[in-house]
Amino acid sequence: MKEPKIIRRISLKTKFASASMILAIFLCVIIVLISYFSYRDEMFKRYDENISSLVHTAAALVPADKVNQYYETQQTDADYDRLIEQFQIIQEQNHLEYLYAYVPTADGFKVFGQGTKPGTEGHFMLGDFLGTDYYPQADIDAANNLFTNPDAPKTIISNDSEFGYLISAFEVMQDEQGNPLLIVGADMSMKDINSTLNAYIILVSSIALLIFVLFITIYLLFLNKSIINPLQVIVDNATDFVNINLDENLGEIVALNIEVKTGDEIEILAEAFNKMTSDISRYIKELTSVTSERERIETELRIATLIQEGMLPRNFEYPDRHEFTLYASMRAAKDVGGDFYDFFFVDDDHFCITIGDVSGKGVPAALFMAMTKATVKDLVLRRLPVDEVMTEANINLCNNNEQGMFVTLLIAIINVKTGVFQWCDAGHDPAIIWKKDGTVEMLTGKKGFVCAGMETAKYKMNESQIEKGDIIYLYTDGIPEANNTKNEFYGLERLKTLVASKDEHDIKSLCADILADVDEFADTEPQFDDITMLGFKLEE
């Protein structure tokens, strides 16, 4: 057998704490990243403004009208010396790595002047040529592009060159005709920016973490007090309530009183749970009482069913009489019904058959049926004519009939020697005569009003005859009025057609086939009325 899957439950407190911590970490990372990039961009902007200003200042010091002269003669004067001195001052005081002026060519740079002092690494003189052995070809190409393209970037940040992490700014000097003369540039180290940014990140992260730890702590305390703990109280009470063994501890099922004072939906939930447990406790007590009462009623109904079945004759055999055979059945729509049948000898030659259908169903109909059956049999055995039997029965049943119940009734007294029978009909369905030759006829005659419907009702006697081999078939309206899912009725025509289609002239098989055909016709539609039938065959 497969073992049941173990479900690992995680407490609500753990879920809230985990979610809160994840959210806090996520927000801290977002804040740190936003702060980092904002601060870094601001620092780059300041570096850019600072070095651009220094380059502009240095470029303003260059005597543009003497640039070509200096290159051509390779001779300097006091103005050139003063320019170099000022370059050195600007480079030193502003902590520039390099401050220089040059003319770019396809192969390298022709030095005009720089702020690096003589004897220092990187010091070059007027007219020196610096090619790819000193500068990468990419830097030479960029300088040429700047020299000829005024829209080229004037500021560059590089972190992968042999000169280190630098920010460089350039300005192109032009002559009076707008032609480029030379480029003034400066390089400023940005090696301190990483340490500054790292320190800033640590500071911001520490502050953000402290704020969020404080916030999460307060938030979780609030959750515990206002949500988690009250919910836990409800969960504990609910668990205790549902774990009560209802079969052994019915007396312990009492309404719980959960005291949760949060002033919000949780308090409403607790009150709803209190009411629910109160209702469940009351319902269980009521259900116990109702179940006990229902079991008592069902027991009484079972007994009533057995009593009713015992009231209807079940022995259809008369071993010492060979003049006739008979068979009857009754299937109630409820536990007990209002239909009945009866048969008995009046004297040696006369045999009485009767069938009835009481209005309504259930116990009241069954009681009225019992009274009707007993009344009719008593009157018949007094040897009264059948019309007088019906009249007296009607009067007796009308007395004390405050519920207004009535019964359709057909009584027939048959001479088993001759086949002549006298009969009386009180609003019942017409009997069917199934002749020996297979033809089917409806028993016709004078009909009277239903019994117990009107005390002054009068009834007429009819007289008919059957031949040897003929069958009298009596039934109640549960057969013709049976309906199906299409709301169609079974009807008398279908009943007559079924009887006429039978080959074997046998009462028991006839009753069984009719009942099966009614069930097939009704399909899934429940039985609406009692179904009762009785057949009498005059044997040859």
# chains A, B, ... in the order shown; residues from 1 in each chain; ligands from 1

$ residues_around --residues "A:Thr105" --least-positions-apart "2" --cutoff "10 Å" --atoms "only C-alpha atoms" --output "PDB file with N, CA, C and O atoms, in the first residue's frame"
ATOM      1  N   TYR A 102      49.744  69.280 -28.448  1.00  0.00           N
ATOM      2  CA  TYR A 102      50.415  68.586 -29.536  1.00  0.00           C
ATOM      3  C   TYR A 102      49.574  68.726 -30.800  1.00  0.00           C
ATOM      4  O   TYR A 102      48.401  69.119 -30.763  1.00  0.00           O
ATOM      5  N   VAL A 103      50.244  68.332 -31.889  1.00  0.00           N
ATOM      6  CA  VAL A 103      49.553  68.273 -33.180  1.00  0.00           C
ATOM      7  C   VAL A 103      49.534  66.809 -33.596  1.00  0.00           C
ATOM      8  O   VAL A 103      50.586  66.178 -33.711  1.00  0.00           O
ATOM      9  N   ASP A 107      50.675  59.113 -37.823  1.00  0.00           N
ATOM     10  CA  ASP A 107      51.568  58.143 -37.183  1.00  0.00           C
ATOM     11  C   ASP A 107      51.805  58.420 -35.702  1.00  0.00           C
ATOM     12  O   ASP A 107      52.379  57.574 -35.004  1.00  0.00           O
ATOM     13  N   GLY A 108      51.429  59.598 -35.219  1.00  0.00           N
ATOM     14  CA  GLY A 108      51.686  59.908 -33.820  1.00  0.00           C
ATOM     15  C   GLY A 108      51.434  61.373 -33.530  1.00  0.00           C
ATOM     16  O   GLY A 108      50.671  62.044 -34.238  1.00  0.00           O
ATOM     17  N   PHE A 109      52.103  61.863 -32.469  1.00  0.00           N
ATOM     18  CA  PHE A 109      51.891  63.237 -32.008  1.00  0.00           C
ATOM     19  C   PHE A 109      53.213  64.018 -32.084  1.00  0.00           C
ATOM     20  O   PHE A 109      54.262  63.526 -31.659  1.00  0.00           O
ATOM     21  N   LYS A 110      53.091  65.266 -32.536  1.00  0.00           N
ATOM     22  CA  LYS A 110      54.232  66.208 -32.501  1.00  0.00           C
ATOM     23  C   LYS A 110      54.038  67.102 -31.301  1.00  0.00           C
ATOM     24  O   LYS A 110      53.075  67.849 -31.199  1.00  0.00           O
ATOM     25  N   PHE A 129      58.595  63.758 -31.372  1.00  0.00           N
ATOM     26  CA  PHE A 129      57.531  62.976 -32.011  1.00  0.00           C
ATOM     27  C   PHE A 129      57.253  61.702 -31.194  1.00  0.00           C
ATOM     28  O   PHE A 129      58.162  60.920 -30.924  1.00  0.00           O
ATOM     29  N   LEU A 130      56.017  61.528 -30.821  1.00  0.00           N
ATOM     30  CA  LEU A 130      55.606  60.349 -30.041  1.00  0.00           C
ATOM     31  C   LEU A 130      54.718  59.489 -30.920  1.00  0.00           C
ATOM     32  O   LEU A 130      53.594  59.849 -31.263  1.00  0.00           O
ATOM     33  N   GLY A 131      55.226  58.307 -31.281  1.00  0.00           N
ATOM     34  CA  GLY A 131      54.479  57.430 -32.174  1.00  0.00           C
ATOM     35  C   GLY A 131      53.836  56.273 -31.432  1.00  0.00           C
ATOM     36  O   GLY A 131      53.557  56.319 -30.228  1.00  0.00           O
ATOM     37  N   ILE A 140      45.896  57.535 -31.090  1.00  0.00           N
ATOM     38  CA  ILE A 140      46.328  58.403 -32.196  1.00  0.00           C
ATOM     39  C   ILE A 140      45.158  58.656 -33.147  1.00  0.00           C
ATOM     40  O   ILE A 140      44.909  59.790 -33.576  1.00  0.00           O
ATOM     41  N   ASP A 141      44.397  57.600 -33.461  1.00  0.00           N
ATOM     42  CA  ASP A 141      43.250  57.744 -34.358  1.00  0.00           C
ATOM     43  C   ASP A 141      42.191  58.643 -33.744  1.00  0.00           C
ATOM     44  O   ASP A 141      41.575  59.464 -34.431  1.00  0.00           O
ATOM     45  N   ALA A 143      42.673  61.044 -31.603  1.00  0.00           N
ATOM     46  CA  ALA A 143      43.160  62.429 -31.616  1.00  0.00           C
ATOM     47  C   ALA A 143      43.018  63.041 -33.006  1.00  0.00           C
ATOM     48  O   ALA A 143      42.629  64.215 -33.156  1.00  0.00           O
ATOM     49  N   ASN A 144      43.332  62.287 -34.047  1.00  0.00           N
ATOM     50  CA  ASN A 144      43.165  62.786 -35.413  1.00  0.00           C
ATOM     51  C   ASN A 144      41.693  63.064 -35.715  1.00  0.00           C
ATOM     52  O   ASN A 144      41.351  64.043 -36.386  1.00  0.00           O
ATOM     53  N   PHE A 147      40.796  66.220 -34.080  1.00  0.00           N
ATOM     54  CA  PHE A 147      41.451  67.354 -34.734  1.00  0.00           C
ATOM     55  C   PHE A 147      40.660  67.812 -35.970  1.00  0.00           C
ATOM     56  O   PHE A 147      40.630  68.993 -36.298  1.00  0.00           O
TER      57      PHE A 147
END

$ residues_around --residues "A:Leu515" --least-positions-apart "3" --cutoff "10 Å" --atoms "only C-alpha atoms" --output "PyMOL selection string"
chain A and resi 329+331+479+509-512+518-521+531-533

$ residues_around --residues "A:Val67" --least-positions-apart "3" --cutoff "12 Å" --atoms "only C-alpha atoms" --output "ChimeraX atom specification"
/A:61-64,70-77,79-80,83,101-103,111-113,126-127,173-175,180-183

$ select_by_dssp --residues "stretch 68-240 of chain A" --states "alpha helix (DSSP H)" --output "compact mmCIF listing (two decimals) with N, CA and C atoms, in the first residue's frame"
# COMPACT_ATOMS: atom_id res chain seq x y z
N ASN A 68 52.88 78.10 -35.24
CA ASN A 68 53.57 77.64 -36.45
C ASN A 68 55.04 78.07 -36.45
N GLN A 69 55.30 79.29 -35.89
CA GLN A 69 56.68 79.80 -35.82
C GLN A 69 57.53 78.87 -34.97
N TYR A 70 57.03 78.49 -33.81
CA TYR A 70 57.80 77.62 -32.92
C TYR A 70 58.11 76.29 -33.60
N TYR A 71 57.11 75.72 -34.31
CA TYR A 71 57.33 74.44 -34.97
C TYR A 71 58.36 74.56 -36.09
N GLU A 72 58.26 75.68 -36.82
CA GLU A 72 59.14 75.84 -37.98
C GLU A 72 60.59 76.10 -37.57
N THR A 73 60.77 76.97 -36.56
CA THR A 73 62.13 77.37 -36.17
C THR A 73 62.72 76.47 -35.11
N ALA A 78 60.76 83.95 -24.61
CA ALA A 78 60.27 84.17 -23.24
C ALA A 78 58.80 83.80 -23.13
N ASP A 79 58.01 84.05 -24.20
CA ASP A 79 56.59 83.70 -24.14
C ASP A 79 56.39 82.19 -24.02
N TYR A 80 57.19 81.44 -24.75
CA TYR A 80 57.07 79.99 -24.71
C TYR A 80 57.47 79.46 -23.33
N ASP A 81 58.59 80.03 -22.80
CA ASP A 81 59.05 79.60 -21.47
C ASP A 81 57.99 79.89 -20.41
N ARG A 82 57.37 81.08 -20.55
CA ARG A 82 56.33 81.46 -19.57
C ARG A 82 55.14 80.48 -19.69
N LEU A 83 54.80 80.09 -20.94
CA LEU A 83 53.68 79.13 -21.15
C LEU A 83 53.98 77.79 -20.48
N ILE A 84 55.21 77.29 -20.68
CA ILE A 84 55.57 76.01 -20.08
C ILE A 84 55.52 76.10 -18.56
N GLU A 85 55.97 77.23 -18.04
CA GLU A 85 55.95 77.42 -16.58
C GLU A 85 54.52 77.40 -16.06
N GLN A 86 53.62 78.05 -16.80
CA GLN A 86 52.22 78.08 -16.37
C GLN A 86 51.59 76.68 -16.49
N PHE A 87 51.97 75.94 -17.53
CA PHE A 87 51.49 74.55 -17.65
C PHE A 87 51.91 73.72 -16.44
N GLN A 88 53.17 73.93 -16.03
CA GLN A 88 53.68 73.17 -14.89
C GLN A 88 52.91 73.52 -13.61
N ILE A 89 52.62 74.82 -13.47
CA ILE A 89 51.88 75.25 -12.27
C ILE A 89 50.48 74.63 -12.26
N ILE A 90 49.80 74.72 -13.42
CA ILE A 90 48.43 74.17 -13.49
C ILE A 90 48.46 72.66 -13.22
N GLN A 91 49.42 71.95 -13.80
CA GLN A 91 49.48 70.50 -13.61
C GLN A 91 49.77 70.14 -12.17
N GLU A 92 50.68 70.88 -11.55
CA GLU A 92 51.07 70.55 -10.18
C GLU A 92 49.98 70.90 -9.20
N GLN A 93 49.44 72.11 -9.29
CA GLN A 93 48.46 72.56 -8.30
C GLN A 93 47.12 71.81 -8.41
N GLN A 137 47.67 52.95 -31.10
CA GLN A 137 47.15 53.48 -32.36
C GLN A 137 45.73 54.00 -32.20
N ALA A 138 44.97 53.38 -31.28
CA ALA A 138 43.59 53.82 -31.07
C ALA A 138 43.56 55.26 -30.55
N ASP A 139 44.53 55.61 -29.64
CA ASP A 139 44.57 56.98 -29.12
C ASP A 139 44.98 57.95 -30.23
N ILE A 140 45.90 57.53 -31.09
CA ILE A 140 46.33 58.40 -32.20
C ILE A 140 45.16 58.66 -33.15
N ASP A 141 44.40 57.60 -33.46
CA ASP A 141 43.25 57.74 -34.36
C ASP A 141 42.19 58.64 -33.74
N ALA A 142 41.96 58.49 -32.43
CA ALA A 142 40.97 59.32 -31.77
C ALA A 142 41.38 60.79 -31.79
N ALA A 143 42.67 61.04 -31.60
CA ALA A 143 43.16 62.43 -31.62
C ALA A 143 43.02 63.04 -33.01
N ASN A 144 43.33 62.29 -34.05
CA ASN A 144 43.17 62.79 -35.41
C ASN A 144 41.69 63.06 -35.72
N ASN A 145 40.82 62.19 -35.24
CA ASN A 145 39.37 62.40 -35.44
C ASN A 145 38.91 63.68 -34.75
N LEU A 146 39.42 63.88 -33.53
CA LEU A 146 39.08 65.11 -32.79
C LEU A 146 39.62 66.34 -33.51
N PHE A 147 40.80 66.22 -34.08
CA PHE A 147 41.45 67.35 -34.73
C PHE A 147 40.66 67.81 -35.97
N THR A 148 40.05 66.86 -36.66
CA THR A 148 39.35 67.20 -37.90
C THR A 148 37.83 67.24 -37.74
N LYS A 191 42.06 57.31 -9.67
CA LYS A 191 42.30 56.12 -8.86
C LYS A 191 41.62 56.19 -7.49
N ASP A 192 41.36 57.41 -7.03
CA ASP A 192 40.71 57.55 -5.72
C ASP A 192 39.20 57.39 -5.79
N ILE A 193 38.66 57.37 -7.04
CA ILE A 193 37.19 57.34 -7.12
C ILE A 193 36.62 56.01 -6.65
N ASN A 194 37.34 54.89 -6.91
CA ASN A 194 36.83 53.59 -6.49
C ASN A 194 36.76 53.47 -4.98
N SER A 195 37.80 53.92 -4.31
CA SER A 195 37.78 53.86 -2.84
C SER A 195 36.69 54.75 -2.27
N THR A 196 36.49 55.91 -2.93
CA THR A 196 35.41 56.81 -2.47
C THR A 196 34.05 56.17 -2.67
N LEU A 197 33.87 55.54 -3.86
CA LEU A 197 32.58 54.88 -4.12
C LEU A 197 32.36 53.69 -3.20
N ASN A 198 33.42 52.92 -2.95
CA ASN A 198 33.28 51.78 -2.04
C ASN A 198 32.90 52.23 -0.64
N ALA A 199 33.53 53.29 -0.19
CA ALA A 199 33.19 53.83 1.14
C ALA A 199 31.75 54.31 1.16
N TYR A 200 31.35 54.93 0.06
CA TYR A 200 29.98 55.43 -0.01
C TYR A 200 28.97 54.27 0.01
N ILE A 201 29.30 53.21 -0.74
CA ILE A 201 28.40 52.05 -0.77
C ILE A 201 28.27 51.44 0.62
N ILE A 202 29.38 51.30 1.31
CA ILE A 202 29.34 50.74 2.67
C ILE A 202 28.50 51.60 3.59
N LEU A 203 28.66 52.90 3.47
CA LEU A 203 27.90 53.81 4.32
C LEU A 203 26.40 53.72 4.04
N VAL A 204 26.07 53.80 2.74
CA VAL A 204 24.65 53.75 2.37
C VAL A 204 24.05 52.40 2.74
N SER A 205 24.80 51.31 2.48
CA SER A 205 24.29 49.97 2.80
C SER A 205 24.05 49.82 4.29
N SER A 206 24.98 50.31 5.07
CA SER A 206 24.84 50.20 6.53
C SER A 206 23.61 50.96 7.01
N ILE A 207 23.45 52.18 6.49
CA ILE A 207 22.28 52.98 6.91
C ILE A 207 20.98 52.30 6.47
N ALA A 208 20.94 51.84 5.19
CA ALA A 208 19.73 51.20 4.69
C ALA A 208 19.42 49.93 5.47
N LEU A 209 20.47 49.13 5.74
CA LEU A 209 20.26 47.89 6.48
C LEU A 209 19.75 48.17 7.89
N LEU A 210 20.34 49.18 8.53
CA LEU A 210 19.90 49.53 9.88
C LEU A 210 18.44 49.97 9.87
N ILE A 211 18.09 50.80 8.87
CA ILE A 211 16.70 51.28 8.80
C ILE A 211 15.74 50.11 8.58
N PHE A 212 16.11 49.22 7.65
CA PHE A 212 15.20 48.13 7.34
C PHE A 212 15.15 47.09 8.44
N VAL A 213 16.25 46.84 9.12
CA VAL A 213 16.20 45.93 10.26
C VAL A 213 15.27 46.47 11.34
N LEU A 214 15.39 47.77 11.59
CA LEU A 214 14.51 48.40 12.57
C LEU A 214 13.05 48.32 12.10
N PHE A 215 12.85 48.61 10.79
CA PHE A 215 11.49 48.57 10.27
C PHE A 215 10.91 47.16 10.32
N ILE A 216 11.71 46.16 9.89
CA ILE A 216 11.23 44.78 9.87
C ILE A 216 10.93 44.30 11.29
N THR A 217 11.79 44.68 12.24
CA THR A 217 11.55 44.28 13.63
C THR A 217 10.23 44.82 14.13
N ILE A 218 10.02 46.12 13.92
CA ILE A 218 8.75 46.74 14.35
C ILE A 218 7.57 46.12 13.61
N TYR A 219 7.78 45.88 12.29
CA TYR A 219 6.71 45.31 11.47
C TYR A 219 6.33 43.91 11.94
N LEU A 220 7.34 43.08 12.21
CA LEU A 220 7.05 41.72 12.66
C LEU A 220 6.40 41.70 14.04
N LEU A 221 6.86 42.61 14.91
CA LEU A 221 6.21 42.70 16.22
C LEU A 221 4.74 43.08 16.07
N PHE A 222 4.50 44.01 15.15
CA PHE A 222 3.12 44.42 14.89
C PHE A 222 2.30 43.26 14.32
N LEU A 223 2.91 42.53 13.38
CA LEU A 223 2.21 41.39 12.78
C LEU A 223 1.89 40.32 13.83
N ASN A 229 -0.55 36.18 16.21
CA ASN A 229 -1.00 35.60 17.49
C ASN A 229 -2.51 35.42 17.55
N PRO A 230 -3.32 36.43 17.14
CA PRO A 230 -4.77 36.19 17.12
C PRO A 230 -5.18 35.04 16.22
N LEU A 231 -4.55 34.95 15.04
CA LEU A 231 -4.86 33.83 14.15
C LEU A 231 -4.47 32.50 14.77
N GLN A 232 -3.35 32.48 15.48
CA GLN A 232 -2.92 31.25 16.13
C GLN A 232 -3.93 30.81 17.19
N VAL A 233 -4.49 31.79 17.89
CA VAL A 233 -5.53 31.46 18.88
C VAL A 233 -6.73 30.80 18.19
N ILE A 234 -7.12 31.37 17.04
CA ILE A 234 -8.25 30.80 16.30
C ILE A 234 -7.91 29.40 15.80
N VAL A 235 -6.68 29.24 15.27
CA VAL A 235 -6.26 27.92 14.75
C VAL A 235 -6.25 26.88 15.87
N ASP A 236 -5.71 27.23 17.04
CA ASP A 236 -5.66 26.28 18.15
C ASP A 236 -7.06 25.85 18.57
N ASN A 237 -7.97 26.84 18.66
CA ASN A 237 -9.34 26.51 19.06
C ASN A 237 -10.03 25.66 18.00
N ALA A 238 -9.79 26.01 16.72
CA ALA A 238 -10.40 25.23 15.63
C ALA A 238 -9.89 23.80 15.64
N THR A 239 -8.58 23.63 15.89
CA THR A 239 -8.00 22.29 15.93
C THR A 239 -8.60 21.48 17.07
N ASP A 240 -8.71 22.11 18.24
CA ASP A 240 -9.31 21.41 19.38
C ASP A 240 -10.76 21.01 19.09

$ select_by_dssp --residues "stretch 216-437 of chain A" --states "strand (DSSP E or B)" --output "JSON, numbers by chain"
{"A": [324, 325, 326, 327, 328, 329, 330, 331, 339, 340, 341, 342, 343, 344, 345, 350, 351, 352, 353, 354, 355, 356, 357, 358, 407, 408, 409, 410, 411, 412, 413, 414, 415, 420, 421, 422, 423, 424, 425, 426, 432, 433, 434]}

$ residues_around --residues "A:Ile51" --least-positions-apart "4" --cutoff "8 Å" --atoms "only C-alpha atoms" --output "PyMOL selection string"
chain A and resi 47+55+168-169+186-188

$ write_last_selection --atoms "all heavy atoms" --output "compact mmCIF listing (two decimals), in the first residue's frame"
# COMPACT_ATOMS: atom_id res chain seq x y z
N TYR A 47 34.26 65.72 -12.05
CA TYR A 47 35.56 65.53 -12.68
C TYR A 47 35.58 66.15 -14.07
O TYR A 47 36.55 66.79 -14.49
CB TYR A 47 35.90 64.04 -12.76
CG TYR A 47 36.63 63.50 -11.55
CD1 TYR A 47 35.96 63.02 -10.44
CD2 TYR A 47 38.02 63.49 -11.54
CE1 TYR A 47 36.64 62.52 -9.34
CE2 TYR A 47 38.72 62.99 -10.44
CZ TYR A 47 38.03 62.51 -9.35
OH TYR A 47 38.71 62.03 -8.25
N VAL A 55 41.53 72.54 -18.90
CA VAL A 55 42.01 72.49 -20.29
C VAL A 55 41.71 73.81 -21.00
O VAL A 55 42.54 74.35 -21.76
CB VAL A 55 41.39 71.30 -21.01
CG1 VAL A 55 41.63 71.38 -22.52
CG2 VAL A 55 41.94 69.99 -20.47
N SER A 168 40.25 62.19 -19.32
CA SER A 168 41.02 63.08 -20.19
C SER A 168 40.07 64.06 -20.87
O SER A 168 38.97 63.68 -21.29
CB SER A 168 41.77 62.29 -21.26
OG SER A 168 42.61 61.32 -20.66
N ALA A 169 40.53 65.34 -20.98
CA ALA A 169 39.75 66.37 -21.65
C ALA A 169 40.62 67.04 -22.69
O ALA A 169 41.85 67.18 -22.51
CB ALA A 169 39.22 67.38 -20.65
N ALA A 186 44.53 67.28 -21.13
CA ALA A 186 44.96 67.03 -19.75
C ALA A 186 44.43 65.68 -19.31
O ALA A 186 43.34 65.26 -19.71
CB ALA A 186 44.46 68.13 -18.83
N ASP A 187 45.22 65.00 -18.48
CA ASP A 187 44.82 63.70 -17.91
C ASP A 187 44.80 63.83 -16.40
O ASP A 187 45.76 64.29 -15.79
CB ASP A 187 45.81 62.61 -18.29
CG ASP A 187 45.88 62.41 -19.80
OD1 ASP A 187 44.85 62.67 -20.47
OD2 ASP A 187 46.94 62.00 -20.31
N MET A 188 43.68 63.42 -15.81
CA MET A 188 43.55 63.46 -14.35
C MET A 188 43.28 62.04 -13.85
O MET A 188 42.45 61.33 -14.40
CB MET A 188 42.40 64.38 -13.95
CG MET A 188 42.19 64.49 -12.43
SD MET A 188 40.82 65.58 -12.00
CE MET A 188 41.47 67.16 -12.48

$ closest_residue --among "A:Ile227, A:Asn487, A:Pro480, A:Thr262" --to "A:Asp517" --atoms "only C-alpha atoms"
A:Pro480

$ closest_residue --among "A:Asn179, A:Thr120, A:Thr375, A:Ser501" --to "A:Val440" --atoms "only C-alpha atoms"
A:Ser501

$ closest_atom_pairs --of "stretch 399-446 of chain A" --to "stretch 342-357 of chain A" --cutoff "6 Å" --atoms "only C-alpha atoms" --output "JSON lines"
{"residue": "A:Val407", "atom": "CA", "partner": "A:Asp357", "partner_atom": "CA", "distance": 5.4}
{"residue": "A:Thr408", "atom": "CA", "partner": "A:Asp357", "partner_atom": "CA", "distance": 5.2}
{"residue": "A:Leu409", "atom": "CA", "partner": "A:Gly356", "partner_atom": "CA", "distance": 4.4}
{"residue": "A:Leu410", "atom": "CA", "partner": "A:Ile355", "partner_atom": "CA", "distance": 5.6}
{"residue": "A:Ile411", "atom": "CA", "partner": "A:Thr354", "partner_atom": "CA", "distance": 4.5}
{"residue": "A:Ala412", "atom": "CA", "partner": "A:Ile353", "partner_atom": "CA", "distance": 5.4}
{"residue": "A:Ile413", "atom": "CA", "partner": "A:Cys352", "partner_atom": "CA", "distance": 4.3}
{"residue": "A:Ile414", "atom": "CA", "partner": "A:Phe351", "partner_atom": "CA", "distance": 5.2}
{"residue": "A:Asn415", "atom": "CA", "partner": "A:His350", "partner_atom": "CA", "distance": 4.6}
{"residue": "A:Val416", "atom": "CA", "partner": "A:Asp349", "partner_atom": "CA", "distance": 5.7}

$ atom_distance --atom1 "atom CA of A:Gly115" --atom2 "atom CA of A:Tyr134"
17.6 Å

$ residues_around --residues "stretch 451-453 of chain A" --least-positions-apart "3" --cutoff "9 Å" --atoms "only C-alpha atoms" --output "list in words"
Met390, Thr391, Ala393, Asn394, Ile395, Asn396, Leu397, Cys398, Asn399, Asn401, Gly404, Met405, Phe406, Val407, Thr408, Leu409, Ala426, Gly427, Gly448 and Ala457 of chain A

$ decode --residues "stretch 335-346 of chain A" --atoms "N, CA and C atoms" --output "PDB file, in the first residue's frame"
ATOM      1  N   ASP A 335     -43.471   3.968   1.445  1.00  0.00           N
ATOM      2  CA  ASP A 335     -43.323   2.779   2.275  1.00  0.00           C
ATOM      3  C   ASP A 335     -44.648   2.036   2.415  1.00  0.00           C
ATOM      4  N   VAL A 336     -45.706   2.797   2.588  1.00  0.00           N
ATOM      5  CA  VAL A 336     -47.050   2.217   2.633  1.00  0.00           C
ATOM      6  C   VAL A 336     -47.910   2.965   1.631  1.00  0.00           C
ATOM      7  N   GLY A 337     -48.943   2.309   1.123  1.00  0.00           N
ATOM      8  CA  GLY A 337     -49.757   2.933   0.087  1.00  0.00           C
ATOM      9  C   GLY A 337     -51.231   2.887   0.400  1.00  0.00           C
ATOM     10  N   GLY A 338     -52.014   3.417  -0.536  1.00  0.00           N
ATOM     11  CA  GLY A 338     -53.463   3.477  -0.360  1.00  0.00           C
ATOM     12  C   GLY A 338     -54.211   2.506  -1.255  1.00  0.00           C
ATOM     13  N   ASP A 339     -53.515   1.798  -2.139  1.00  0.00           N
ATOM     14  CA  ASP A 339     -54.170   0.795  -2.980  1.00  0.00           C
ATOM     15  C   ASP A 339     -54.399  -0.486  -2.187  1.00  0.00           C
ATOM     16  N   PHE A 340     -55.384  -1.224  -2.600  1.00  0.00           N
ATOM     17  CA  PHE A 340     -55.582  -2.543  -1.998  1.00  0.00           C
ATOM     18  C   PHE A 340     -56.356  -3.432  -2.969  1.00  0.00           C
ATOM     19  N   TYR A 341     -56.281  -4.688  -2.701  1.00  0.00           N
ATOM     20  CA  TYR A 341     -57.104  -5.678  -3.402  1.00  0.00           C
ATOM     21  C   TYR A 341     -57.540  -6.710  -2.373  1.00  0.00           C
ATOM     22  N   ASP A 342     -58.572  -7.464  -2.726  1.00  0.00           N
ATOM     23  CA  ASP A 342     -59.046  -8.523  -1.820  1.00  0.00           C
ATOM     24  C   ASP A 342     -59.801  -9.556  -2.653  1.00  0.00           C
ATOM     25  N   PHE A 343     -59.834 -10.772  -2.159  1.00  0.00           N
ATOM     26  CA  PHE A 343     -60.610 -11.844  -2.798  1.00  0.00           C
ATOM     27  C   PHE A 343     -60.941 -12.890  -1.732  1.00  0.00           C
ATOM     28  N   PHE A 344     -62.147 -13.439  -1.854  1.00  0.00           N
ATOM     29  CA  PHE A 344     -62.601 -14.425  -0.857  1.00  0.00           C
ATOM     30  C   PHE A 344     -63.890 -15.071  -1.378  1.00  0.00           C
ATOM     31  N   PHE A 345     -64.212 -16.254  -0.839  1.00  0.00           N
ATOM     32  CA  PHE A 345     -65.466 -16.932  -1.168  1.00  0.00           C
ATOM     33  C   PHE A 345     -66.593 -16.331  -0.343  1.00  0.00           C
ATOM     34  N   VAL A 346     -67.731 -16.096  -1.019  1.00  0.00           N
ATOM     35  CA  VAL A 346     -68.949 -15.661  -0.327  1.00  0.00           C
ATOM     36  C   VAL A 346     -69.740 -16.895   0.105  1.00  0.00           C
TER      37      VAL A 346
END
